[in-house]
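The next block holds one structure in the form of structure tokens; read it before the comments.
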Amino acid sequence: MLAQQEVLRSNKMGNIIKLTPSGKPDTSVARAEETRLLVDVRDNASTESFDKFFGIFTPKLVAWVTSRGCAMGEAESVVQDVMVSAWSRAKSFDSSKASARTWIYTLARNRMIDLYRSGTRRAAAHEEVGTLAETMEPMQDEPQKDLARNQVIDAVETLPAEQRDVIFKVYFEGRSHREIAEELDLPLGTVKSRARLGFQKLRKSFKDSI
Amino acid sequence: MNIQHHPSDAWLLDFACGNLPPLFDQIIKAHVDVCPVCKEVVKDAERLGGELLNAFGQSHSIPVEMCHEKYGDISHTSYDASRAESTGHVADLEKLVSTYLDSSFNALPWKSFGEGLKLCRLIKEDNVQMWMLRGQPGVTLPVHSHKGSELTLVMKGAYFCGSQIFQAGDIEEADETVEHQPVITSGGECICLAVTEGQLEFKKVLPRIVQKFVGI
């Protein structure tokens, strides 16, 4: 079962990275708690809530930014910028429009776009970097019944391997569909089709369940 | 605006993930700004990003004190992090041009590309270029294919491509497998913004000669 396995991938520098299910049950309670913390930051400038929010998301963001081609030192700097931005822009968080995890994802994504435009991201690709696997914490030994509650992991698990591969490359490696077609030596239409089918299935699953 | 042609999900996913070269990113953004259908797709793609971020990947944390040093006041200014939230209006041509291209539309360096057809290359970054096309009613563009991806956003008027019609707000997607010959409709002037990877490949000699001067 995918939830018990590490997904091995290589990033843009060819380093092997592990995408590990976070090991914590992903329930609506967890999602609601993240949002509660961010709302407390927004409404009350609570540093206590922000520190908890920080603790939840920085390990995930460091992993995500690194998998997209940033060297570890740079990834930490990027995540620090994202978190400072989360603090200073907390007033713009609207829980009716997005969950806290979607909001922090969009902040991180926007920071990566800035890097892309400034050329920093491309320059980083030439740096010698360590593997993400070296710094990842081992998956916690949670009972399988808890892990199975992670609806997203379950939904990803049900995708055909070729669709899952494209979705991971798009989201975690930051590769465009054209880059994926070139890397896998596939017709562009095939990659577009896999991206569409994979995305539509995941989209439907979380619309139904989240 | 009655938008009928949208970028495929692969383009919108790349847009939502920040994976596109800047000029392709720009033209997708111009379309998403005015397209409620694609706005929803992008919002869902961002939502999926948040869920995947949460579900996969763990690394070390960084000391929270690093951020404490930078804490300032929480800003009261509005900031929409979502790429689906924007204020552009493609229906207002001058505004789109000034918003995205930072230039006055009529002051652009148009070059003739045959009778009733003008082209203008705006920006070139690496192997990707953004250009505009301004065609008079009834004008037929030369048959051409492509050396990479091409996205065309109709800003004003309409054109036919085969049996399909592309109107203001629509995006036409093409690549090296597509050979086409747009024909401006008789309804009025048609203005398009296009982003092309590599040079266009014209089938006939005359357009190829003119191409050298226009630079597309």
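Following the order of the structure tokens, chains are lettered A, B, ..., residues in each are numbered from 1, and ligands are numbered from 1.
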
TODO: Do me a favour and pick out the residues of chain A within 7 Å of chain B, using only C-alpha atoms, as JSON, numbers by chain.
DONE: {"A": [19, 20, 21, 22, 51, 55, 58, 59, 60, 62, 63, 64, 76, 80, 84, 87, 88, 89, 90, 91, 92, 101, 102, 103, 105, 106, 107, 109, 113, 117, 135, 136, 137, 152, 153, 170, 171, 174, 175, 176, 177, 192, 195, 196, 203]}

May I have the selected residues written with N, CA and C atoms, as a CSV table (one decimal), in the first residue's frame?
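What follows is the written file out_19.csv:
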chain,number,residue,atom,x,y,z
A,19,LEU,N,9.6,10.7,-1.3
A,19,LEU,CA,8.3,11.4,-1.0
A,19,LEU,C,7.6,10.4,0.0
A,20,THR,N,7.6,10.8,1.2
A,20,THR,CA,7.1,9.9,2.2
A,20,THR,C,5.8,10.4,2.8
A,21,PRO,N,4.8,9.6,2.8
A,21,PRO,CA,3.5,10.1,3.5
A,21,PRO,C,3.9,10.6,4.8
A,22,SER,N,3.3,11.7,5.2
A,22,SER,CA,3.8,12.4,6.4
A,22,SER,C,3.8,11.6,7.7
A,51,ASP,N,3.7,29.9,15.9
A,51,ASP,CA,4.8,29.0,16.1
A,51,ASP,C,4.3,27.5,15.8
A,55,GLY,N,5.6,25.1,12.9
A,55,GLY,CA,6.0,23.7,13.2
A,55,GLY,C,5.4,22.7,12.3
A,58,THR,N,6.7,24.0,8.1
A,58,THR,CA,8.1,24.1,7.6
A,58,THR,C,8.8,22.8,7.1
A,59,PRO,N,8.6,21.7,7.9
A,59,PRO,CA,9.2,20.5,7.3
A,59,PRO,C,8.7,20.1,6.0
A,60,LYS,N,7.4,20.3,5.8
A,60,LYS,CA,6.7,19.9,4.5
A,60,LYS,C,7.2,20.9,3.4
A,62,VAL,N,10.0,22.6,3.3
A,62,VAL,CA,11.5,22.4,3.0
A,62,VAL,C,11.6,21.2,2.1
A,63,ALA,N,10.8,20.1,2.3
A,63,ALA,CA,10.9,19.0,1.5
A,63,ALA,C,10.4,19.3,0.1
A,64,TRP,N,9.3,20.1,0.0
A,64,TRP,CA,8.7,20.4,-1.3
A,64,TRP,C,9.6,21.3,-2.1
A,76,GLU,N,15.9,26.4,2.8
A,76,GLU,CA,15.6,26.9,4.1
A,76,GLU,C,15.3,28.4,4.0
A,80,GLN,N,11.8,30.2,4.9
A,80,GLN,CA,11.8,31.3,5.9
A,80,GLN,C,11.1,32.5,5.3
A,84,VAL,N,7.7,34.2,6.8
A,84,VAL,CA,7.6,35.7,7.1
A,84,VAL,C,6.4,36.3,6.4
A,87,TRP,N,3.2,35.4,8.0
A,87,TRP,CA,2.9,36.2,9.1
A,87,TRP,C,2.4,37.6,8.7
A,88,SER,N,3.1,38.2,7.8
A,88,SER,CA,2.8,39.6,7.5
A,88,SER,C,1.6,39.7,6.6
A,89,ARG,N,1.2,38.6,5.9
A,89,ARG,CA,0.0,38.7,5.1
A,89,ARG,C,-1.2,37.9,5.6
A,90,ALA,N,-1.1,37.6,6.9
A,90,ALA,CA,-2.2,36.7,7.5
A,90,ALA,C,-3.5,37.4,7.4
A,91,LYS,N,-3.6,38.7,7.3
A,91,LYS,CA,-4.8,39.4,7.2
A,91,LYS,C,-5.6,39.1,6.0
A,92,SER,N,-4.9,38.7,5.0
A,92,SER,CA,-5.6,38.4,3.7
A,92,SER,C,-6.1,36.9,3.7
A,101,ARG,N,-3.8,25.1,4.4
A,101,ARG,CA,-2.7,24.4,3.7
A,101,ARG,C,-2.7,24.8,2.2
A,102,THR,N,-3.9,25.1,1.6
A,102,THR,CA,-3.9,25.6,0.3
A,102,THR,C,-3.2,27.0,0.2
A,103,TRP,N,-3.6,27.8,1.2
A,103,TRP,CA,-3.1,29.2,1.3
A,103,TRP,C,-1.5,29.2,1.4
A,105,TYR,N,0.5,26.8,0.5
A,105,TYR,CA,1.0,26.3,-0.7
A,105,TYR,C,1.1,27.4,-1.8
A,106,THR,N,0.1,28.2,-1.9
A,106,THR,CA,0.1,29.2,-2.9
A,106,THR,C,1.2,30.3,-2.6
A,107,LEU,N,1.4,30.6,-1.3
A,107,LEU,CA,2.5,31.5,-1.0
A,107,LEU,C,3.8,30.9,-1.4
A,109,ARG,N,4.4,28.6,-3.6
A,109,ARG,CA,4.4,28.5,-5.1
A,109,ARG,C,4.8,29.8,-5.7
A,113,ILE,N,7.9,31.0,-8.1
A,113,ILE,CA,7.8,31.7,-9.4
A,113,ILE,C,8.7,32.9,-9.4
A,117,ARG,N,11.7,33.5,-12.1
A,117,ARG,CA,11.8,34.7,-13.0
A,117,ARG,C,13.1,35.4,-12.7
A,135,THR,N,17.9,14.0,4.8
A,135,THR,CA,17.4,14.9,5.9
A,135,THR,C,16.0,14.6,6.3
A,136,MET,N,15.4,13.6,5.6
A,136,MET,CA,14.0,13.4,6.0
A,136,MET,C,13.9,12.6,7.3
A,137,GLU,N,12.9,12.9,8.0
A,137,GLU,CA,12.7,12.2,9.3
A,137,GLU,C,12.0,10.9,8.9
A,152,VAL,N,-6.2,11.8,0.7
A,152,VAL,CA,-5.4,12.2,-0.5
A,152,VAL,C,-4.5,11.1,-0.9
A,153,ILE,N,-3.8,10.5,0.1
A,153,ILE,CA,-2.9,9.4,-0.2
A,153,ILE,C,-3.7,8.2,-0.8
A,170,VAL,N,4.7,17.0,-11.9
A,170,VAL,CA,4.2,18.4,-12.0
A,170,VAL,C,4.2,19.1,-10.6
A,171,TYR,N,3.8,18.4,-9.6
A,171,TYR,CA,3.6,19.1,-8.3
A,171,TYR,C,4.9,19.1,-7.5
A,174,GLY,N,8.2,20.2,-10.2
A,174,GLY,CA,8.1,21.5,-10.8
A,174,GLY,C,8.4,21.4,-12.3
A,175,ARG,N,8.1,20.2,-12.9
A,175,ARG,CA,8.3,20.1,-14.4
A,175,ARG,C,7.1,20.4,-15.1
A,176,SER,N,7.2,21.1,-16.2
A,176,SER,CA,6.1,21.4,-17.1
A,176,SER,C,5.7,20.1,-17.9
A,177,HIS,N,4.5,20.1,-18.5
A,177,HIS,CA,4.2,18.9,-19.3
A,177,HIS,C,5.1,18.7,-20.4
A,192,LYS,N,-0.2,15.1,-21.8
A,192,LYS,CA,-1.3,15.9,-21.5
A,192,LYS,C,-2.5,15.1,-21.0
A,195,ALA,N,-1.9,13.8,-17.5
A,195,ALA,CA,-2.1,14.9,-16.5
A,195,ALA,C,-3.6,15.2,-16.3
A,196,ARG,N,-4.3,15.2,-17.4
A,196,ARG,CA,-5.8,15.5,-17.3
A,196,ARG,C,-6.5,14.4,-16.6
A,203,ARG,N,-9.2,15.5,-8.4
A,203,ARG,CA,-10.1,16.6,-8.2
A,203,ARG,C,-11.5,16.1,-7.7

Open item on the list: List as a PyMOL selection string the protein and nucleic acid residues near Pro36 in chain B, meaning an atom at most 12 Å away when only C-alpha atoms are counted, but skip any in the same chain fewer than 4 places from it.
Closed with: chain B and resi 1-4+6+31-32+40-43+84-86+169

Task: Contact residues around Ala168 in chain B with only C-alpha atoms at 8 Å, ignoring same-chain residues under 3 positions, as number ranges by chain - done: B: 1-3, 91, 153-158

- [ ] Would you kindly return, as an MDAnalysis selection string, each protein, DNA or RNA residue with an atom no farther than 10 Å from any atom of Ala155 in chain A, considering only C-alpha atoms and excluding same-chain residues fewer than 3 positions away?
- [x] chainID A and resid 150:152 158:159 198 201:206
